[in-house]
file final-v9.pdb (PDB, C-alpha atoms and all ligand atoms)
ATOM      1  CA  MET X  27     -13.736 -12.254-104.717  1.00  0.00           C
ATOM      2  CA  LYS X  28     -12.776  -8.585-104.536  1.00  0.00           C
ATOM      3  CA  PHE X  29     -14.553  -6.479-101.922  1.00  0.00           C
ATOM      4  CA  SER X  30     -16.153  -4.324-104.657  1.00  0.00           C
ATOM      5  CA  LYS X  31     -17.608  -7.457-106.291  1.00  0.00           C
ATOM      6  CA  LEU X  32     -18.747  -8.672-102.880  1.00  0.00           C
ATOM      7  CA  LYS X  33     -20.650  -5.433-102.358  1.00  0.00           C
ATOM      8  CA  ASP X  34     -22.443  -5.998-105.682  1.00  0.00           C
ATOM      9  CA  GLU X  35     -23.337  -9.500-104.510  1.00  0.00           C
ATOM     10  CA  ILE X  36     -24.690  -8.153-101.215  1.00  0.00           C
ATOM     11  CA  ILE X  37     -26.930  -5.731-103.134  1.00  0.00           C
ATOM     12  CA  ARG X  38     -28.092  -8.594-105.361  1.00  0.00           C
ATOM     13  CA  ILE X  39     -28.987 -10.661-102.293  1.00  0.00           C
ATOM     14  CA  ILE X  40     -30.884  -7.784-100.651  1.00  0.00           C
ATOM     15  CA  ASP X  41     -32.801  -7.102-103.870  1.00  0.00           C
ATOM     16  CA  ASN X  42     -33.759 -10.688-104.581  1.00  0.00           C
ATOM     17  CA  ASN X  43     -37.115 -10.492-102.785  1.00  0.00           C
ATOM     18  CA  ALA X  44     -36.470 -13.571-100.679  1.00  0.00           C
ATOM     19  CA  ASN X  45     -37.470 -13.352 -97.042  1.00  0.00           C
ATOM     20  CA  LYS X  46     -35.304 -11.526 -94.564  1.00  0.00           C
ATOM     21  CA  GLU X  47     -34.031 -14.695 -92.908  1.00  0.00           C
ATOM     22  CA  ASP X  48     -32.867 -16.230 -96.204  1.00  0.00           C
ATOM     23  CA  ASN X  49     -31.170 -12.972 -97.155  1.00  0.00           C
ATOM     24  CA  LEU X  50     -29.271 -12.791 -93.868  1.00  0.00           C
ATOM     25  CA  LYS X  51     -28.242 -16.429 -94.146  1.00  0.00           C
ATOM     26  CA  GLU X  52     -26.950 -15.922 -97.688  1.00  0.00           C
ATOM     27  CA  ILE X  53     -24.971 -12.853 -96.603  1.00  0.00           C
ATOM     28  CA  CYS X  54     -23.357 -14.860 -93.786  1.00  0.00           C
ATOM     29  CA  ASN X  55     -22.496 -17.673 -96.176  1.00  0.00           C
ATOM     30  CA  ILE X  56     -21.018 -15.505 -98.900  1.00  0.00           C
ATOM     31  CA  LEU X  57     -18.861 -13.509 -96.472  1.00  0.00           C
ATOM     32  CA  ARG X  58     -17.524 -16.617 -94.768  1.00  0.00           C
ATOM     33  CA  THR X  59     -16.883 -18.434 -98.045  1.00  0.00           C
ATOM     34  CA  GLU X  60     -15.281 -15.531 -99.889  1.00  0.00           C
ATOM     35  CA  ILE X  61     -13.080 -14.083 -97.157  1.00  0.00           C
ATOM     36  CA  SER X  62     -10.571 -16.644 -96.004  1.00  0.00           C
ATOM     37  CA  TYR X  63     -10.070 -15.208 -92.518  1.00  0.00           C
ATOM     38  CA  TYR X  64     -13.807 -14.944 -91.729  1.00  0.00           C
ATOM     39  CA  ASP X  65     -14.385 -18.198 -89.850  1.00  0.00           C
ATOM     40  CA  TRP X  66     -17.729 -17.402 -88.223  1.00  0.00           C
ATOM     41  CA  VAL X  67     -20.191 -14.790 -89.419  1.00  0.00           C
ATOM     42  CA  GLY X  68     -23.465 -14.059 -87.657  1.00  0.00           C
ATOM     43  CA  PHE X  69     -26.152 -11.488 -86.966  1.00  0.00           C
ATOM     44  CA  TYR X  70     -27.409 -10.683 -83.478  1.00  0.00           C
ATOM     45  CA  PHE X  71     -30.484  -8.476 -82.922  1.00  0.00           C
ATOM     46  CA  LYS X  72     -32.059  -6.870 -79.868  1.00  0.00           C
ATOM     47  CA  ASN X  73     -34.427  -9.418 -78.368  1.00  0.00           C
ATOM     48  CA  GLY X  74     -37.721  -7.531 -78.289  1.00  0.00           C
ATOM     49  CA  GLU X  75     -37.893  -5.201 -75.289  1.00  0.00           C
ATOM     50  CA  LYS X  76     -35.236  -7.153 -73.377  1.00  0.00           C
ATOM     51  CA  GLU X  77     -31.779  -5.744 -72.719  1.00  0.00           C
ATOM     52  CA  GLU X  78     -30.158  -8.636 -74.566  1.00  0.00           C
ATOM     53  CA  LEU X  79     -29.067  -9.766 -78.008  1.00  0.00           C
ATOM     54  CA  LYS X  80     -30.464 -12.830 -79.719  1.00  0.00           C
ATOM     55  CA  LEU X  81     -28.588 -14.753 -82.396  1.00  0.00           C
ATOM     56  CA  ALA X  82     -30.331 -14.732 -85.770  1.00  0.00           C
ATOM     57  CA  GLN X  83     -28.695 -16.212 -88.871  1.00  0.00           C
ATOM     58  CA  PHE X  84     -25.079 -17.316 -88.886  1.00  0.00           C
ATOM     59  CA  SER X  85     -22.541 -19.313 -90.882  1.00  0.00           C
ATOM     60  CA  GLY X  86     -19.941 -21.458 -89.162  1.00  0.00           C
ATOM     61  CA  LYS X  87     -19.832 -23.632 -86.084  1.00  0.00           C
ATOM     62  CA  PRO X  88     -23.001 -23.452 -83.935  1.00  0.00           C
ATOM     63  CA  THR X  89     -22.461 -21.451 -80.753  1.00  0.00           C
ATOM     64  CA  GLU X  90     -24.088 -21.862 -77.355  1.00  0.00           C
ATOM     65  CA  HIS X  91     -24.083 -18.056 -77.012  1.00  0.00           C
ATOM     66  CA  THR X  92     -27.455 -17.480 -78.642  1.00  0.00           C
ATOM     67  CA  ILE X  93     -28.477 -14.912 -76.014  1.00  0.00           C
ATOM     68  CA  ILE X  94     -26.005 -12.231 -74.893  1.00  0.00           C
ATOM     69  CA  PRO X  95     -26.981  -9.701 -72.191  1.00  0.00           C
ATOM     70  CA  PHE X  96     -26.215  -6.058 -72.995  1.00  0.00           C
ATOM     71  CA  GLY X  97     -22.775  -5.189 -71.618  1.00  0.00           C
ATOM     72  CA  LYS X  98     -21.436  -8.769 -71.743  1.00  0.00           C
ATOM     73  CA  GLY X  99     -18.675  -9.703 -74.184  1.00  0.00           C
ATOM     74  CA  ILE X 100     -17.676  -7.739 -77.244  1.00  0.00           C
ATOM     75  CA  CYS X 101     -21.200  -8.020 -78.690  1.00  0.00           C
ATOM     76  CA  GLY X 102     -22.907  -6.840 -75.506  1.00  0.00           C
ATOM     77  CA  GLN X 103     -20.547  -3.874 -75.269  1.00  0.00           C
ATOM     78  CA  VAL X 104     -21.368  -2.800 -78.839  1.00  0.00           C
ATOM     79  CA  ALA X 105     -25.092  -3.010 -77.980  1.00  0.00           C
ATOM     80  CA  LEU X 106     -24.478  -0.306 -75.354  1.00  0.00           C
ATOM     81  CA  SER X 107     -21.742   1.808 -76.961  1.00  0.00           C
ATOM     82  CA  ASN X 108     -23.287   1.948 -80.469  1.00  0.00           C
ATOM     83  CA  LYS X 109     -19.720   1.830 -81.761  1.00  0.00           C
ATOM     84  CA  LYS X 110     -17.867  -0.689 -83.886  1.00  0.00           C
ATOM     85  CA  TYR X 111     -15.401  -2.852 -81.964  1.00  0.00           C
ATOM     86  CA  ILE X 112     -12.336  -4.377 -83.624  1.00  0.00           C
ATOM     87  CA  VAL X 113     -10.402  -6.872 -81.538  1.00  0.00           C
ATOM     88  CA  GLN X 114      -7.218  -7.980 -83.275  1.00  0.00           C
ATOM     89  CA  ASP X 115      -6.276 -10.280 -80.377  1.00  0.00           C
ATOM     90  CA  VAL X 116      -9.043 -11.598 -78.139  1.00  0.00           C
ATOM     91  CA  SER X 117      -6.539 -12.750 -75.493  1.00  0.00           C
ATOM     92  CA  GLU X 118      -6.095  -9.091 -74.529  1.00  0.00           C
ATOM     93  CA  GLN X 119      -9.794  -8.665 -73.678  1.00  0.00           C
ATOM     94  CA  ASP X 120     -11.254  -9.022 -70.179  1.00  0.00           C
ATOM     95  CA  ASN X 121     -14.900  -8.667 -71.170  1.00  0.00           C
ATOM     96  CA  TYR X 122     -14.986 -11.330 -73.852  1.00  0.00           C
ATOM     97  CA  ILE X 123     -17.180 -14.391 -74.407  1.00  0.00           C
ATOM     98  CA  SER X 124     -15.202 -17.185 -76.044  1.00  0.00           C
ATOM     99  CA  CYS X 125     -16.835 -19.211 -78.786  1.00  0.00           C
ATOM    100  CA  GLY X 126     -13.901 -21.618 -79.076  1.00  0.00           C
ATOM    101  CA  ILE X 127     -10.154 -21.743 -78.564  1.00  0.00           C
ATOM    102  CA  ASP X 128      -9.559 -21.377 -82.310  1.00  0.00           C
ATOM    103  CA  VAL X 129     -10.928 -17.832 -82.306  1.00  0.00           C
ATOM    104  CA  LYS X 130      -8.112 -15.282 -82.204  1.00  0.00           C
ATOM    105  CA  SER X 131      -9.819 -12.055 -83.275  1.00  0.00           C
ATOM    106  CA  GLU X 132     -13.252 -10.549 -83.720  1.00  0.00           C
ATOM    107  CA  ILE X 133     -14.990  -7.595 -85.334  1.00  0.00           C
ATOM    108  CA  VAL X 134     -18.459  -6.344 -84.430  1.00  0.00           C
ATOM    109  CA  ILE X 135     -20.291  -3.577 -86.336  1.00  0.00           C
ATOM    110  CA  PRO X 136     -23.638  -2.194 -85.162  1.00  0.00           C
ATOM    111  CA  ILE X 137     -26.706  -2.028 -87.408  1.00  0.00           C
ATOM    112  CA  PHE X 138     -28.753   1.160 -87.148  1.00  0.00           C
ATOM    113  CA  LYS X 139     -32.357   1.708 -88.171  1.00  0.00           C
ATOM    114  CA  ASP X 140     -33.557   5.311 -87.959  1.00  0.00           C
ATOM    115  CA  GLY X 141     -30.582   6.061 -85.717  1.00  0.00           C
ATOM    116  CA  LYS X 142     -31.402   3.216 -83.320  1.00  0.00           C
ATOM    117  CA  ASN X 143     -28.963   0.366 -82.679  1.00  0.00           C
ATOM    118  CA  ILE X 144     -31.062  -2.702 -83.609  1.00  0.00           C
ATOM    119  CA  GLY X 145     -28.366  -5.345 -83.863  1.00  0.00           C
ATOM    120  CA  GLN X 146     -24.972  -6.155 -85.241  1.00  0.00           C
ATOM    121  CA  ILE X 147     -22.832  -8.297 -87.478  1.00  0.00           C
ATOM    122  CA  ASP X 148     -20.237 -10.345 -85.630  1.00  0.00           C
ATOM    123  CA  ILE X 149     -17.218 -11.980 -87.282  1.00  0.00           C
ATOM    124  CA  ASP X 150     -14.749 -14.331 -85.641  1.00  0.00           C
ATOM    125  CA  SER X 151     -11.386 -15.149 -87.177  1.00  0.00           C
ATOM    126  CA  HIS X 152      -8.852 -17.865 -86.447  1.00  0.00           C
ATOM    127  CA  GLN X 153      -6.080 -15.426 -87.403  1.00  0.00           C
ATOM    128  CA  LEU X 154      -4.421 -12.800 -85.272  1.00  0.00           C
ATOM    129  CA  ASN X 155      -4.624  -9.214 -86.467  1.00  0.00           C
ATOM    130  CA  PRO X 156      -6.498  -9.901 -89.725  1.00  0.00           C
ATOM    131  CA  PHE X 157      -8.838  -6.912 -89.940  1.00  0.00           C
ATOM    132  CA  SER X 158      -8.120  -3.718 -91.859  1.00  0.00           C
ATOM    133  CA  LYS X 159     -10.012  -0.552 -92.734  1.00  0.00           C
ATOM    134  CA  THR X 160     -11.357  -2.306 -95.842  1.00  0.00           C
ATOM    135  CA  ASP X 161     -13.060  -4.923 -93.654  1.00  0.00           C
ATOM    136  CA  GLU X 162     -14.613  -2.167 -91.566  1.00  0.00           C
ATOM    137  CA  GLU X 163     -15.765  -0.375 -94.680  1.00  0.00           C
ATOM    138  CA  LEU X 164     -17.242  -3.525 -96.240  1.00  0.00           C
ATOM    139  CA  LEU X 165     -19.046  -4.487 -93.044  1.00  0.00           C
ATOM    140  CA  VAL X 166     -20.484  -0.997 -92.492  1.00  0.00           C
ATOM    141  CA  PHE X 167     -21.804  -1.280 -96.045  1.00  0.00           C
ATOM    142  CA  VAL X 168     -23.317  -4.706 -95.244  1.00  0.00           C
ATOM    143  CA  CYS X 169     -24.958  -3.312 -92.084  1.00  0.00           C
ATOM    144  CA  ASP X 170     -26.434  -0.373 -94.015  1.00  0.00           C
ATOM    145  CA  GLN X 171     -27.880  -2.789 -96.565  1.00  0.00           C
ATOM    146  CA  VAL X 172     -29.267  -5.093 -93.859  1.00  0.00           C
ATOM    147  CA  SER X 173     -30.880  -2.101 -92.167  1.00  0.00           C
ATOM    148  CA  SER X 174     -32.972  -1.582 -95.310  1.00  0.00           C
ATOM    149  CA  LEU X 175     -34.618  -4.984 -94.684  1.00  0.00           C
ATOM    150  CA  TYR X 176     -36.154  -3.671 -91.435  1.00  0.00           C
ATOM    151  CA  PHE X 177     -39.193  -1.430 -91.335  1.00  0.00           C
TER     152      PHE X 177
HETATM  153  N1  LIG C 201     -17.214 -13.423 -78.766  1.00  0.00           N
HETATM  154  C1  LIG C 201     -18.484 -12.774 -78.645  1.00  0.00           C
HETATM  155  C2  LIG C 201     -19.593 -13.748 -78.405  1.00  0.00           C
HETATM  156  C3  LIG C 201     -20.275 -14.210 -79.621  1.00  0.00           C
HETATM  157  S1  LIG C 201     -19.396 -15.325 -80.501  1.00  0.00           S
HETATM  158  O1  LIG C 201     -18.164 -14.728 -81.023  1.00  0.00           O
HETATM  159  C4  LIG C 201     -20.262 -16.030 -81.727  1.00  0.00           C
HETATM  160  C5  LIG C 201     -18.431 -11.728 -77.559  1.00  0.00           C
HETATM  161  O2  LIG C 201     -17.439 -11.610 -76.823  1.00  0.00           O
HETATM  162  O3  LIG C 201     -19.415 -10.999 -77.412  1.00  0.00           O
END

call {"tool": "encode", "arguments": {"input": "final-v9.pdb", "output": "structure tokens"}}
result
Amino acid sequence: MKFSKLKDEIIRIIDNNANKEDNLKEICNILRTEISYYDWVGFYFKNGEKEELKLAQFSGKPTEHTIIPFGKGICGQVALSNKKYIVQDVSEQDNYISCGIDVKSEIVIPIFKDGKNIGQIDIDSHQLNPFSKTDEELLVFVCDQVSSLYF
């Protein structure tokens, strides 16, 4: 599916009045199914008042990393920096939490609500160097849409 069509699908999912959890799950599934190099797609959100991320919905192999302290790994760094993080080769990272030897690259985009970093989308790929500006653009769009689910 083309990225433009995928964006339409994301809007359809957000507008379908299902609960937030089902919407997030469907977004994970569609991204992983439609984009060949997306092997794991998940959402992490700030865990209440704690300085940590908690895994919400995901699509792909279950991970033991359901809680990630701020500052740890790529996800924890994005929680503090409020900036997207594109890692085309995870072997070059020191502060990285591995979710399996198959994972070669990762992209994490923060989700903002009223200017506050509330969580992120995290994508793992089994390919080296797979992410381009169009992935970034699509995922920023997804995060903006997901933000509208939070009040
Ligand atoms: N690799 C991530 C941990 C989460 S998993 O990819 C699902 C990180 O370094 O933060």

call {"tool": "residues_near_ligand", "arguments": {"input": "final-v9.pdb", "ligand": "ligand LIG 201 (chain C)", "cutoff": "8 Å", "atoms": "only C-alpha atoms and all ligand atoms", "output": "list of chain:residue names"}}
result
X:Trp66, X:Val67, X:Gly68, X:Thr89, X:His91, X:Thr92, X:Ile94, X:Lys98, X:Gly99, X:Ile100, X:Cys101, X:Gly102, X:Gln103, X:Asn121, X:Tyr122, X:Ile123, X:Ser124, X:Cys125, X:Val129, X:Glu132, X:Asp148, X:Ile149, X:Asp150

call {"tool": "write_last_selection", "arguments": {"input": "final-v9.pdb", "atoms": "C-alpha atoms", "output": "PDB file, in the coordinates of the input"}}
result
ATOM      1  CA  TRP X  66     -17.729 -17.402 -88.223  1.00  0.00           C
ATOM      2  CA  VAL X  67     -20.191 -14.790 -89.419  1.00  0.00           C
ATOM      3  CA  GLY X  68     -23.465 -14.059 -87.657  1.00  0.00           C
ATOM      4  CA  THR X  89     -22.461 -21.451 -80.753  1.00  0.00           C
ATOM      5  CA  HIS X  91     -24.083 -18.056 -77.012  1.00  0.00           C
ATOM      6  CA  THR X  92     -27.455 -17.480 -78.642  1.00  0.00           C
ATOM      7  CA  ILE X  94     -26.005 -12.231 -74.893  1.00  0.00           C
ATOM      8  CA  LYS X  98     -21.436  -8.769 -71.743  1.00  0.00           C
ATOM      9  CA  GLY X  99     -18.675  -9.703 -74.184  1.00  0.00           C
ATOM     10  CA  ILE X 100     -17.676  -7.739 -77.244  1.00  0.00           C
ATOM     11  CA  CYS X 101     -21.200  -8.020 -78.690  1.00  0.00           C
ATOM     12  CA  GLY X 102     -22.907  -6.840 -75.506  1.00  0.00           C
ATOM     13  CA  GLN X 103     -20.547  -3.874 -75.269  1.00  0.00           C
ATOM     14  CA  ASN X 121     -14.900  -8.667 -71.170  1.00  0.00           C
ATOM     15  CA  TYR X 122     -14.986 -11.330 -73.852  1.00  0.00           C
ATOM     16  CA  ILE X 123     -17.180 -14.391 -74.407  1.00  0.00           C
ATOM     17  CA  SER X 124     -15.202 -17.185 -76.044  1.00  0.00           C
ATOM     18  CA  CYS X 125     -16.835 -19.211 -78.786  1.00  0.00           C
ATOM     19  CA  VAL X 129     -10.928 -17.832 -82.306  1.00  0.00           C
ATOM     20  CA  GLU X 132     -13.252 -10.549 -83.720  1.00  0.00           C
ATOM     21  CA  ASP X 148     -20.237 -10.345 -85.630  1.00  0.00           C
ATOM     22  CA  ILE X 149     -17.218 -11.980 -87.282  1.00  0.00           C
ATOM     23  CA  ASP X 150     -14.749 -14.331 -85.641  1.00  0.00           C
TER      24      ASP X 150
END

call {"tool": "closest_residue", "arguments": {"input": "final-v9.pdb", "among": "X:Ala44, X:Ile37, X:Gly145, X:Gly86", "to": "Thr59 of chain X", "atoms": "only C-alpha atoms"}}
result
X:Gly86

call {"tool": "closest_residue", "arguments": {"input": "final-v9.pdb", "among": "X:Lys31, X:Lys76, X:Lys46, X:Lys139", "to": "Asp170 of chain X", "atoms": "all atoms listed in the file"}}
result
X:Lys139

call {"tool": "closest_residue", "arguments": {"input": "final-v9.pdb", "among": "X:Cys169, X:Leu32, X:Ile112, X:Leu79", "to": "Gly97 of chain X", "atoms": "all atoms listed in the file"}}
result
X:Leu79

call {"tool": "closest_residue", "arguments": {"input": "final-v9.pdb", "among": "X:Phe167, X:Tyr111, X:Phe157, X:Phe96", "to": "Phe71 of chain X", "atoms": "all atoms listed in the file"}}
result
X:Phe96

call {"tool": "atom_distance", "arguments": {"input": "final-v9.pdb", "atom1": "atom CA of Leu165 of chain X", "atom2": "atom CA of Pro88 of chain X"}}
result
21.4 Å

call {"tool": "residues_around", "arguments": {"input": "final-v9.pdb", "residues": "Asn155 of chain X", "least_positions_apart": "2", "cutoff": "9 Å", "atoms": "only C-alpha atoms", "output": "compact mmCIF listing (two decimals) with C-alpha atoms, in the coordinates of the input"}}
result
# COMPACT_ATOMS: atom_id res chain seq x y z
CA VAL X 113 -10.40 -6.87 -81.54
CA GLN X 114 -7.22 -7.98 -83.28
CA ASP X 115 -6.28 -10.28 -80.38
CA LYS X 130 -8.11 -15.28 -82.20
CA SER X 131 -9.82 -12.06 -83.28
CA GLN X 153 -6.08 -15.43 -87.40
CA PHE X 157 -8.84 -6.91 -89.94
CA SER X 158 -8.12 -3.72 -91.86

call {"tool": "closest_residue", "arguments": {"input": "final-v9.pdb", "among": "X:Ile56, X:Val104, X:Ile127, X:Ile36", "to": "Lys72 of chain X", "atoms": "all atoms listed in the file"}}
result
X:Val104

call {"tool": "atom_distance", "arguments": {"input": "final-v9.pdb", "atom1": "atom CA of Ala105 of chain X", "atom2": "atom CA of Val166 of chain X"}}
result
15.4 Å

call {"tool": "decode", "arguments": {"input": "final-v9.pdb", "residues": "segment 102-136 of chain X", "atoms": "N, CA and C atoms", "output": "PDB file, in the first residue's frame"}}
result
ATOM      1  N   GLY X 102      14.084   5.365  25.725  1.00  0.00           N
ATOM      2  CA  GLY X 102      14.271   6.191  26.921  1.00  0.00           C
ATOM      3  C   GLY X 102      14.962   7.506  26.610  1.00  0.00           C
ATOM      4  N   GLN X 103      15.830   7.499  25.606  1.00  0.00           N
ATOM      5  CA  GLN X 103      16.494   8.747  25.204  1.00  0.00           C
ATOM      6  C   GLN X 103      15.498   9.714  24.548  1.00  0.00           C
ATOM      7  N   VAL X 104      14.590   9.164  23.738  1.00  0.00           N
ATOM      8  CA  VAL X 104      13.584  10.007  23.079  1.00  0.00           C
ATOM      9  C   VAL X 104      12.625  10.609  24.122  1.00  0.00           C
ATOM     10  N   ALA X 105      12.362   9.844  25.190  1.00  0.00           N
ATOM     11  CA  ALA X 105      11.492  10.364  26.264  1.00  0.00           C
ATOM     12  C   ALA X 105      12.094  11.627  26.875  1.00  0.00           C
ATOM     13  N   LEU X 106      13.420  11.721  26.902  1.00  0.00           N
ATOM     14  CA  LEU X 106      14.083  12.885  27.494  1.00  0.00           C
ATOM     15  C   LEU X 106      14.382  13.983  26.471  1.00  0.00           C
ATOM     16  N   SER X 107      14.749  13.583  25.253  1.00  0.00           N
ATOM     17  CA  SER X 107      15.196  14.579  24.265  1.00  0.00           C
ATOM     18  C   SER X 107      14.032  15.247  23.537  1.00  0.00           C
ATOM     19  N   ASN X 108      12.876  14.565  23.525  1.00  0.00           N
ATOM     20  CA  ASN X 108      11.694  15.029  22.765  1.00  0.00           C
ATOM     21  C   ASN X 108      11.979  15.096  21.264  1.00  0.00           C
ATOM     22  N   LYS X 109      12.980  14.342  20.831  1.00  0.00           N
ATOM     23  CA  LYS X 109      13.334  14.381  19.404  1.00  0.00           C
ATOM     24  C   LYS X 109      13.244  12.984  18.796  1.00  0.00           C
ATOM     25  N   LYS X 110      12.887  12.934  17.522  1.00  0.00           N
ATOM     26  CA  LYS X 110      12.873  11.648  16.834  1.00  0.00           C
ATOM     27  C   LYS X 110      14.286  11.067  16.807  1.00  0.00           C
ATOM     28  N   TYR X 111      14.370   9.744  16.729  1.00  0.00           N
ATOM     29  CA  TYR X 111      15.682   9.087  16.743  1.00  0.00           C
ATOM     30  C   TYR X 111      15.655   7.983  15.680  1.00  0.00           C
ATOM     31  N   ILE X 112      16.483   8.134  14.661  1.00  0.00           N
ATOM     32  CA  ILE X 112      16.532   7.137  13.590  1.00  0.00           C
ATOM     33  C   ILE X 112      17.872   6.425  13.672  1.00  0.00           C
ATOM     34  N   VAL X 113      17.817   5.125  13.883  1.00  0.00           N
ATOM     35  CA  VAL X 113      19.032   4.329  14.012  1.00  0.00           C
ATOM     36  C   VAL X 113      19.068   3.350  12.844  1.00  0.00           C
ATOM     37  N   GLN X 114      19.931   3.628  11.887  1.00  0.00           N
ATOM     38  CA  GLN X 114      19.967   2.773  10.682  1.00  0.00           C
ATOM     39  C   GLN X 114      20.760   1.486  10.926  1.00  0.00           C
ATOM     40  N   ASP X 115      21.563   1.487  12.009  1.00  0.00           N
ATOM     41  CA  ASP X 115      22.345   0.296  12.352  1.00  0.00           C
ATOM     42  C   ASP X 115      22.517   0.255  13.874  1.00  0.00           C
ATOM     43  N   VAL X 116      21.749  -0.613  14.512  1.00  0.00           N
ATOM     44  CA  VAL X 116      21.746  -0.619  15.987  1.00  0.00           C
ATOM     45  C   VAL X 116      23.098  -1.049  16.572  1.00  0.00           C
ATOM     46  N   SER X 117      23.917  -1.733  15.775  1.00  0.00           N
ATOM     47  CA  SER X 117      25.209  -2.200  16.300  1.00  0.00           C
ATOM     48  C   SER X 117      26.141  -1.030  16.617  1.00  0.00           C
ATOM     49  N   GLU X 118      25.808   0.145  16.091  1.00  0.00           N
ATOM     50  CA  GLU X 118      26.654   1.325  16.355  1.00  0.00           C
ATOM     51  C   GLU X 118      26.232   2.084  17.611  1.00  0.00           C
ATOM     52  N   GLN X 119      25.180   1.593  18.283  1.00  0.00           N
ATOM     53  CA  GLN X 119      24.655   2.306  19.458  1.00  0.00           C
ATOM     54  C   GLN X 119      25.172   1.710  20.765  1.00  0.00           C
ATOM     55  N   ASP X 120      25.581   2.576  21.686  1.00  0.00           N
ATOM     56  CA  ASP X 120      25.979   2.110  23.023  1.00  0.00           C
ATOM     57  C   ASP X 120      24.752   1.995  23.930  1.00  0.00           C
ATOM     58  N   ASN X 121      23.917   3.028  23.893  1.00  0.00           N
ATOM     59  CA  ASN X 121      22.740   3.051  24.762  1.00  0.00           C
ATOM     60  C   ASN X 121      21.548   2.492  23.996  1.00  0.00           C
ATOM     61  N   TYR X 122      21.506   1.169  23.929  1.00  0.00           N
ATOM     62  CA  TYR X 122      20.493   0.488  23.126  1.00  0.00           C
ATOM     63  C   TYR X 122      20.030  -0.757  23.870  1.00  0.00           C
ATOM     64  N   ILE X 123      18.717  -0.980  23.870  1.00  0.00           N
ATOM     65  CA  ILE X 123      18.157  -2.181  24.509  1.00  0.00           C
ATOM     66  C   ILE X 123      17.740  -3.137  23.394  1.00  0.00           C
ATOM     67  N   SER X 124      18.371  -4.282  23.320  1.00  0.00           N
ATOM     68  CA  SER X 124      18.086  -5.217  22.232  1.00  0.00           C
ATOM     69  C   SER X 124      16.808  -5.998  22.495  1.00  0.00           C
ATOM     70  N   CYS X 125      15.985  -6.092  21.456  1.00  0.00           N
ATOM     71  CA  CYS X 125      14.775  -6.908  21.550  1.00  0.00           C
ATOM     72  C   CYS X 125      14.916  -8.152  20.673  1.00  0.00           C
ATOM     73  N   GLY X 126      16.144  -8.528  20.356  1.00  0.00           N
ATOM     74  CA  GLY X 126      16.363  -9.737  19.560  1.00  0.00           C
ATOM     75  C   GLY X 126      17.488  -9.527  18.565  1.00  0.00           C
ATOM     76  N   ILE X 127      18.208 -10.602  18.260  1.00  0.00           N
ATOM     77  CA  ILE X 127      19.374 -10.455  17.383  1.00  0.00           C
ATOM     78  C   ILE X 127      18.993 -10.144  15.937  1.00  0.00           C
ATOM     79  N   ASP X 128      17.722 -10.395  15.598  1.00  0.00           N
ATOM     80  CA  ASP X 128      17.264 -10.111  14.229  1.00  0.00           C
ATOM     81  C   ASP X 128      17.151  -8.610  13.957  1.00  0.00           C
ATOM     82  N   VAL X 129      16.993  -7.833  15.026  1.00  0.00           N
ATOM     83  CA  VAL X 129      16.739  -6.396  14.837  1.00  0.00           C
ATOM     84  C   VAL X 129      18.024  -5.688  14.431  1.00  0.00           C
ATOM     85  N   LYS X 130      17.949  -4.995  13.281  1.00  0.00           N
ATOM     86  CA  LYS X 130      19.141  -4.320  12.749  1.00  0.00           C
ATOM     87  C   LYS X 130      19.025  -2.798  12.812  1.00  0.00           C
ATOM     88  N   SER X 131      17.780  -2.299  12.860  1.00  0.00           N
ATOM     89  CA  SER X 131      17.595  -0.846  12.839  1.00  0.00           C
ATOM     90  C   SER X 131      16.292  -0.500  13.569  1.00  0.00           C
ATOM     91  N   GLU X 132      16.173   0.775  13.894  1.00  0.00           N
ATOM     92  CA  GLU X 132      15.030   1.187  14.722  1.00  0.00           C
ATOM     93  C   GLU X 132      14.726   2.661  14.488  1.00  0.00           C
ATOM     94  N   ILE X 133      13.441   2.992  14.545  1.00  0.00           N
ATOM     95  CA  ILE X 133      13.052   4.408  14.463  1.00  0.00           C
ATOM     96  C   ILE X 133      12.038   4.686  15.564  1.00  0.00           C
ATOM     97  N   VAL X 134      12.253   5.787  16.272  1.00  0.00           N
ATOM     98  CA  VAL X 134      11.358   6.166  17.372  1.00  0.00           C
ATOM     99  C   VAL X 134      10.943   7.628  17.176  1.00  0.00           C
ATOM    100  N   ILE X 135       9.628   7.870  17.178  1.00  0.00           N
ATOM    101  CA  ILE X 135       9.089   9.223  16.984  1.00  0.00           C
ATOM    102  C   ILE X 135       8.224   9.577  18.194  1.00  0.00           C
ATOM    103  N   PRO X 136       8.487  10.719  18.814  1.00  0.00           N
ATOM    104  CA  PRO X 136       7.684  11.087  19.991  1.00  0.00           C
ATOM    105  C   PRO X 136       6.273  11.521  19.631  1.00  0.00           C
TER     106      PRO X 136
END
